[in-house]
Amino acid sequence: MLALVMLINRAGSMVLPFLGVYMTDHLHFSIENTGIVLSFFGIGSVIGSWLGGFITDKIGEYKVQYLSLLLSVPLFCLIPLFKTEVGVAAIILFQSIVSDAFRPANSVAITKYAKPENITRAFSLNRMAVNLGFSIGPALGGILSAISYEFLFFSNALAALAAGILYIIFFRERNKIARLKAKKVKEVIEIKKENTPYRDGKFLVYCFFCMLFSICFFQIFSTLTIFYKDTAHLSQQNIGYILGYSGFLVVLLEMGLVQIAEKYFSLAKTMLFGTFICGVSYAMLGFDYSIITLIIAMSLLCVGEIWALPFMSTITALRSGKNNKGAYMGLNGISFSIAFIVTPYLGTLIVEKFGFTILWIGTGLVATIIAVAFYFIVPWMIKDKKEIGI
């Protein structure tokens, strides 16, 4: 049900891919100002991840999730009322803060309701819902935006409302039962001594490398599509097909590949393989960009993603304690949010100065270094190696 709520919510996240077009075509903002306004979405994501994690540890993940979903509804409806760069930037910032407060709370809920031996598969199921939602959302958004941008925003609000109502109906009583049980259970094993992740040196190092990985990986949302259009000379339709193929492939393969990794690999080796494969997929583009190479590279990127991203959440959950999971999930989420801000500017800057070939080969080399770092950081960070199979 958590995954279903996430699916409805992310399928409704159809505004983001069309915000740039909305601002340039409908509001007639310059491309430069549009880019600046869009950066406020990333800034809001950073604040929301921190705030969501902080509040989750104070009032619980149940309240944070339904408040985030329901408060998003009027904010989506308000976006069309703002016509200036400052106004749109402000409402996007506020909306992003509210929406992204949902993520750490949702991650805490997964650790709360999933069995310990199924936690990675639970995160994988949630990621499948996200990927499926992002596959559905842009397609719906294209249809709705052709009718009216206002209709697009209102439909987004309706999806958030539906997700919020479904969440409250299903989890209201279950949350009460879980809270009663939690009062009777005492913590037996404490994985860490620190009370806050912001003073947990090992975890900060881990989050730093998660951020570096995200900067490499998230080029799929920025410089990779530019490369497809300008260098590989793909049409927008074919770019959409490749991106849609990636979402479909992740949904198709994720649970099976996660089970293979859990059965045959340690957490450290899984992170090593997943990050390295992502680097290889990008490095391939520095040598050839025929359609076959593009498809193979995207396929490898999907496999690497599956063997990296859900296990990052698992490692974060294992590092955290009983009462600070929200703060840990929030800090780890911040590392991804920072990458959303940095990646478009850094990637396009490297392309402008040195070209795509240097960007892709450099990404492959950096990802290889990150992969080796993960291999040593994970067992160094988590103490009880026998319990988690490192």
# chains A, B, ... in the order shown; residues from 1 in each chain; ligands from 1
$ select_by_dssp --residues "range 116-354 of chain A" --states "alpha helix (DSSP H)" --output "compact mmCIF listing (two decimals) with C-alpha atoms, in the first residue's frame"
# COMPACT_ATOMS: atom_id res chain seq x y z
CA ILE A 119 13.85 -4.35 3.73
CA THR A 120 15.85 -4.00 0.50
CA ARG A 121 13.08 -5.62 -1.52
CA ALA A 122 10.60 -3.27 0.15
CA PHE A 123 12.68 -0.27 -0.94
CA SER A 124 12.92 -1.83 -4.40
CA LEU A 125 9.14 -2.21 -4.61
CA ASN A 126 8.79 1.43 -3.68
CA ARG A 127 11.32 2.41 -6.36
CA MET A 128 9.39 0.35 -8.89
CA ALA A 129 6.32 2.41 -8.03
CA VAL A 130 8.35 5.62 -8.48
CA ASN A 131 9.67 4.49 -11.87
CA LEU A 132 6.27 3.33 -13.06
CA GLY A 133 4.75 6.60 -11.87
CA PHE A 134 7.39 8.63 -13.70
CA SER A 135 6.67 6.58 -16.83
CA ILE A 136 2.95 7.31 -16.62
CA GLY A 137 3.18 10.91 -15.39
CA PRO A 138 4.98 12.59 -18.31
CA ALA A 139 2.70 10.86 -20.82
CA LEU A 140 -0.38 12.12 -18.99
CA GLY A 141 1.24 15.50 -18.56
CA GLY A 142 1.81 15.83 -22.29
CA ILE A 143 -1.86 15.18 -22.99
CA LEU A 144 -3.14 17.47 -20.21
CA SER A 145 -0.74 20.34 -20.98
CA ALA A 146 -1.94 20.28 -24.60
CA ILE A 147 -5.44 20.95 -23.26
CA TYR A 149 -1.60 24.18 -18.27
CA GLU A 150 -4.12 25.04 -15.56
CA PHE A 151 -5.75 21.66 -16.11
CA LEU A 152 -2.30 20.08 -15.70
CA PHE A 153 -1.77 21.72 -12.30
CA PHE A 154 -5.26 20.87 -11.08
CA SER A 155 -4.86 17.23 -12.17
CA ASN A 156 -1.58 17.09 -10.26
CA ALA A 157 -3.42 18.39 -7.18
CA LEU A 158 -6.14 15.76 -7.64
CA ALA A 159 -3.55 12.97 -7.73
CA ALA A 160 -1.93 14.24 -4.50
CA LEU A 161 -5.39 14.39 -2.87
CA ALA A 162 -6.20 10.82 -3.97
CA ALA A 163 -2.86 9.56 -2.63
CA GLY A 164 -3.41 11.37 0.67
CA ILE A 165 -6.94 10.03 1.18
CA LEU A 166 -5.87 6.47 0.32
CA TYR A 167 -2.95 6.71 2.73
CA ILE A 168 -5.10 7.95 5.61
CA ILE A 169 -7.80 5.31 5.06
CA PHE A 170 -5.37 2.40 5.00
CA PHE A 171 -2.77 3.45 7.57
CA ARG A 172 -4.71 5.36 10.22
CA GLU A 173 -5.56 2.31 12.36
CA ARG A 174 -2.35 0.47 11.47
CA ASN A 175 -0.34 3.45 12.68
CA LYS A 176 -2.13 3.38 16.05
CA ILE A 177 -1.44 -0.35 16.44
CA ALA A 178 2.21 0.07 15.46
CA ARG A 179 2.67 2.89 17.98
CA LEU A 180 1.21 0.78 20.78
CA LYS A 181 3.53 -2.09 19.90
CA ALA A 182 6.52 0.23 19.72
CA LYS A 183 5.98 1.34 23.32
CA LYS A 184 6.29 -2.27 24.51
CA GLY A 201 31.45 11.23 10.63
CA LYS A 202 31.30 7.84 8.92
CA PHE A 203 27.78 8.43 7.68
CA LEU A 204 28.72 11.90 6.40
CA VAL A 205 31.51 10.33 4.34
CA TYR A 206 29.02 7.78 3.00
CA CYS A 207 26.52 10.55 2.09
CA PHE A 208 29.27 12.51 0.33
CA PHE A 209 29.94 9.56 -1.98
CA CYS A 210 26.19 9.05 -2.42
CA MET A 211 26.08 12.68 -3.61
CA LEU A 212 28.98 12.09 -6.03
CA PHE A 213 27.25 9.00 -7.39
CA SER A 214 24.01 10.96 -7.81
CA ILE A 215 25.81 13.73 -9.71
CA CYS A 216 27.07 11.08 -12.14
CA PHE A 217 23.80 9.18 -12.38
CA THR A 223 23.01 16.34 -20.14
CA LEU A 224 22.13 12.87 -21.46
CA THR A 225 18.98 14.08 -23.20
CA ILE A 226 20.91 17.03 -24.67
CA PHE A 227 23.50 14.53 -25.95
CA TYR A 228 20.76 12.41 -27.51
CA LYS A 229 19.37 15.40 -29.38
CA ASP A 230 22.48 17.38 -30.36
CA GLN A 236 12.23 14.03 -29.29
CA GLN A 237 9.96 11.06 -29.89
CA ASN A 238 12.89 8.62 -29.93
CA ILE A 239 14.37 10.24 -26.83
CA GLY A 240 11.03 9.63 -25.14
CA TYR A 241 11.11 6.01 -26.26
CA ILE A 242 14.57 5.40 -24.75
CA LEU A 243 13.64 7.06 -21.46
CA GLY A 244 10.38 5.12 -21.38
CA TYR A 245 12.32 1.93 -22.10
CA SER A 246 14.57 2.64 -19.10
CA GLY A 247 11.59 3.03 -16.76
CA PHE A 248 9.97 -0.13 -18.11
CA LEU A 249 13.22 -2.11 -17.79
CA VAL A 250 13.69 -1.06 -14.16
CA VAL A 251 10.13 -2.12 -13.32
CA LEU A 252 10.65 -5.43 -15.13
CA LEU A 253 14.05 -6.37 -13.65
CA GLU A 254 14.32 -4.70 -10.26
CA MET A 255 12.86 -7.31 -7.91
CA GLY A 256 14.69 -10.19 -9.61
CA LEU A 257 18.07 -8.44 -9.67
CA VAL A 258 17.69 -7.34 -6.05
CA GLN A 259 17.02 -10.92 -4.98
CA ILE A 260 20.09 -12.09 -6.91
CA ALA A 261 22.22 -9.46 -5.18
CA GLU A 262 20.85 -10.36 -1.75
CA LYS A 263 21.52 -14.05 -2.36
CA TYR A 264 24.97 -13.95 -3.92
CA LEU A 267 26.12 -5.10 0.49
CA ALA A 268 29.63 -3.83 -0.20
CA LYS A 269 29.99 -5.88 -3.39
CA THR A 270 26.52 -4.92 -4.60
CA MET A 271 27.36 -1.23 -4.24
CA LEU A 272 30.69 -1.85 -5.99
CA PHE A 273 29.08 -3.63 -8.95
CA GLY A 274 26.11 -1.27 -9.27
CA THR A 275 28.16 1.94 -9.22
CA PHE A 276 30.81 0.54 -11.57
CA ILE A 277 28.20 -0.62 -14.11
CA CYS A 278 26.63 2.87 -14.10
CA GLY A 279 30.08 4.31 -14.86
CA VAL A 280 30.63 1.86 -17.71
CA SER A 281 27.27 2.75 -19.26
CA TYR A 282 28.21 6.44 -19.44
CA ALA A 283 31.82 5.80 -20.54
CA MET A 284 30.54 3.79 -23.54
CA ILE A 291 21.44 3.45 -31.62
CA ILE A 292 22.59 -0.03 -30.55
CA THR A 293 25.20 1.47 -28.23
CA LEU A 294 22.64 3.88 -26.79
CA ILE A 295 20.25 1.03 -25.98
CA ILE A 296 23.01 -1.16 -24.47
CA ALA A 297 24.31 1.78 -22.42
CA MET A 298 20.82 2.56 -21.12
CA SER A 299 20.26 -1.12 -20.27
CA LEU A 300 23.49 -1.20 -18.27
CA LEU A 301 22.56 2.05 -16.54
CA CYS A 302 19.28 0.46 -15.42
CA VAL A 303 21.08 -2.61 -14.01
CA GLY A 304 23.59 -0.41 -12.21
CA GLU A 305 20.80 1.75 -10.83
CA ILE A 306 18.99 -1.31 -9.47
CA LEU A 309 19.95 3.06 -5.29
CA PRO A 310 17.71 0.73 -3.18
CA PHE A 311 20.74 -0.59 -1.29
CA MET A 312 21.74 2.99 -0.39
CA SER A 313 18.45 3.27 1.49
CA THR A 314 19.00 -0.11 3.16
CA ILE A 315 22.46 0.89 4.36
CA THR A 316 21.06 4.17 5.71
CA ALA A 317 18.35 2.29 7.61
CA LEU A 318 20.92 -0.10 9.09
CA ARG A 319 23.16 2.76 10.19
CA LYS A 325 15.62 7.11 11.24
CA GLY A 326 13.90 10.20 9.84
CA ALA A 327 16.98 12.37 10.33
CA TYR A 328 19.21 9.75 8.68
CA MET A 329 16.85 9.26 5.75
CA GLY A 330 16.55 13.03 5.44
CA LEU A 331 20.30 13.59 5.34
CA ASN A 332 20.75 10.85 2.77
CA GLY A 333 17.94 12.44 0.75
CA ILE A 334 19.75 15.78 0.90
CA SER A 335 22.75 14.20 -0.85
CA PHE A 336 20.46 13.36 -3.78
CA SER A 337 18.77 16.76 -3.73
CA ILE A 338 22.12 18.57 -3.89
CA ALA A 339 22.95 16.48 -6.96
CA PHE A 340 19.76 17.73 -8.63
CA ILE A 341 21.07 21.27 -8.21
CA VAL A 342 24.68 20.61 -9.19
CA THR A 343 24.35 18.12 -12.05
CA PRO A 344 22.72 20.28 -14.78
CA TYR A 345 25.17 23.16 -14.30
CA LEU A 346 28.29 21.02 -13.88
CA GLY A 347 27.44 18.73 -16.79
CA THR A 348 26.65 21.50 -19.25
CA LEU A 349 29.75 23.45 -18.13
CA ILE A 350 32.02 20.46 -18.87
CA VAL A 351 30.32 19.94 -22.23
CA GLU A 352 30.77 23.59 -23.14
CA LYS A 353 34.46 23.61 -22.17
CA PHE A 354 35.61 20.12 -23.19
$ closest_residue --among "A:Tyr62, A:Trp360, A:Leu38, A:Val366" --to "Ile220 in chain A" --atoms "only C-alpha atoms"
A:Trp360
$ closest_residue --among "A:Tyr66, A:Phe76, A:Trp50, A:Phe356" --to "Leu19 in chain A" --atoms "only C-alpha atoms"
A:Phe76
$ atom_distance --atom1 "CA of Ile110 in chain A" --atom2 "CA of Val5 in chain A"
12.2 Å
$ closest_residue --among "A:Arg103, A:Gln95, A:Ile358, A:Ala308" --to "Ala371 in chain A" --atoms "only C-alpha atoms"
A:Ala308
$ residues_around --residues "Ile97 in chain A" --least-positions-apart "3" --cutoff "9 Å" --atoms "only C-alpha atoms" --output "compact mmCIF listing (two decimals) with N, CA, C and O atoms, in the first residue's frame"
# COMPACT_ATOMS: atom_id res chain seq x y z
N PHE A 41 13.50 24.57 -7.33
CA PHE A 41 12.92 23.25 -7.04
C PHE A 41 13.95 22.38 -6.32
O PHE A 41 13.63 21.71 -5.34
N ILE A 43 16.55 23.48 -4.58
CA ILE A 43 16.79 24.06 -3.26
C ILE A 43 15.68 23.65 -2.30
O ILE A 43 15.93 23.27 -1.14
N GLY A 44 14.45 23.69 -2.77
CA GLY A 44 13.33 23.25 -1.95
C GLY A 44 13.42 21.78 -1.59
O GLY A 44 13.04 21.37 -0.48
N SER A 45 13.95 20.99 -2.51
CA SER A 45 14.12 19.56 -2.25
C SER A 45 15.11 19.32 -1.12
O SER A 45 14.90 18.44 -0.27
N VAL A 46 16.20 20.10 -1.11
CA VAL A 46 17.18 19.98 -0.03
C VAL A 46 16.54 20.33 1.32
O VAL A 46 16.66 19.59 2.30
N ILE A 47 15.83 21.46 1.35
CA ILE A 47 15.20 21.90 2.60
C ILE A 47 14.13 20.90 3.03
O ILE A 47 14.02 20.54 4.21
N GLY A 48 13.33 20.43 2.06
CA GLY A 48 12.26 19.48 2.38
C GLY A 48 12.78 18.17 2.92
O GLY A 48 12.21 17.59 3.85
N SER A 49 13.88 17.68 2.35
CA SER A 49 14.47 16.42 2.83
C SER A 49 14.94 16.56 4.28
O SER A 49 14.73 15.67 5.10
N LEU A 51 13.92 18.94 6.49
CA LEU A 51 12.78 19.24 7.35
C LEU A 51 11.92 18.00 7.57
O LEU A 51 11.47 17.73 8.70
N GLY A 52 11.69 17.23 6.49
CA GLY A 52 10.89 16.02 6.62
C GLY A 52 11.51 15.01 7.57
O GLY A 52 10.82 14.40 8.39
N ILE A 92 7.24 27.55 -6.29
CA ILE A 92 7.91 26.29 -6.59
C ILE A 92 8.80 25.87 -5.41
O ILE A 92 8.85 24.69 -5.04
N LEU A 93 9.48 26.83 -4.81
CA LEU A 93 10.31 26.54 -3.64
C LEU A 93 9.45 25.98 -2.51
O LEU A 93 9.78 24.93 -1.93
N PHE A 94 8.33 26.64 -2.22
CA PHE A 94 7.47 26.21 -1.12
C PHE A 94 6.85 24.85 -1.42
O PHE A 94 6.79 23.97 -0.55
N ASP A 100 8.77 17.27 -0.85
CA ASP A 100 9.93 16.43 -0.56
C ASP A 100 10.07 16.09 0.91
O ASP A 100 10.89 15.23 1.26
N ALA A 101 9.29 16.72 1.78
CA ALA A 101 9.23 16.29 3.17
C ALA A 101 8.64 14.88 3.26
O ALA A 101 8.85 14.16 4.24
$ atom_distance --atom1 "CA of Thr196 in chain A" --atom2 "CA of Asn324 in chain A"
7.1 Å
$ atom_distance --atom1 "CA of Phe221 in chain A" --atom2 "CA of Ser39 in chain A"
13.7 Å
$ closest_residue --among "A:Phe218, A:Tyr289, A:Phe376, A:Tyr22" --to "Lys83 in chain A" --atoms "only C-alpha atoms"
A:Tyr22
$ decode --residues "range 325-351 of chain A" --atoms "C-alpha atoms" --output "PDB file, in the first residue's frame"
ATOM      1  CA  LYS A 325      15.620   7.113  11.239  1.00  0.00           C
ATOM      2  CA  GLY A 326      13.900  10.198   9.839  1.00  0.00           C
ATOM      3  CA  ALA A 327      16.983  12.369  10.328  1.00  0.00           C
ATOM      4  CA  TYR A 328      19.210   9.748   8.683  1.00  0.00           C
ATOM      5  CA  MET A 329      16.852   9.260   5.750  1.00  0.00           C
ATOM      6  CA  GLY A 330      16.546  13.032   5.435  1.00  0.00           C
ATOM      7  CA  LEU A 331      20.304  13.593   5.341  1.00  0.00           C
ATOM      8  CA  ASN A 332      20.746  10.846   2.767  1.00  0.00           C
ATOM      9  CA  GLY A 333      17.944  12.443   0.747  1.00  0.00           C
ATOM     10  CA  ILE A 334      19.755  15.778   0.899  1.00  0.00           C
ATOM     11  CA  SER A 335      22.748  14.199  -0.845  1.00  0.00           C
ATOM     12  CA  PHE A 336      20.462  13.356  -3.777  1.00  0.00           C
ATOM     13  CA  SER A 337      18.774  16.757  -3.730  1.00  0.00           C
ATOM     14  CA  ILE A 338      22.123  18.572  -3.891  1.00  0.00           C
ATOM     15  CA  ALA A 339      22.952  16.482  -6.958  1.00  0.00           C
ATOM     16  CA  PHE A 340      19.760  17.727  -8.633  1.00  0.00           C
ATOM     17  CA  ILE A 341      21.066  21.273  -8.215  1.00  0.00           C
ATOM     18  CA  VAL A 342      24.682  20.613  -9.193  1.00  0.00           C
ATOM     19  CA  THR A 343      24.354  18.117 -12.050  1.00  0.00           C
ATOM     20  CA  PRO A 344      22.720  20.281 -14.775  1.00  0.00           C
ATOM     21  CA  TYR A 345      25.170  23.158 -14.300  1.00  0.00           C
ATOM     22  CA  LEU A 346      28.288  21.023 -13.885  1.00  0.00           C
ATOM     23  CA  GLY A 347      27.436  18.731 -16.791  1.00  0.00           C
ATOM     24  CA  THR A 348      26.649  21.505 -19.246  1.00  0.00           C
ATOM     25  CA  LEU A 349      29.746  23.450 -18.134  1.00  0.00           C
ATOM     26  CA  ILE A 350      32.018  20.460 -18.868  1.00  0.00           C
ATOM     27  CA  VAL A 351      30.323  19.936 -22.233  1.00  0.00           C
TER      28      VAL A 351
END
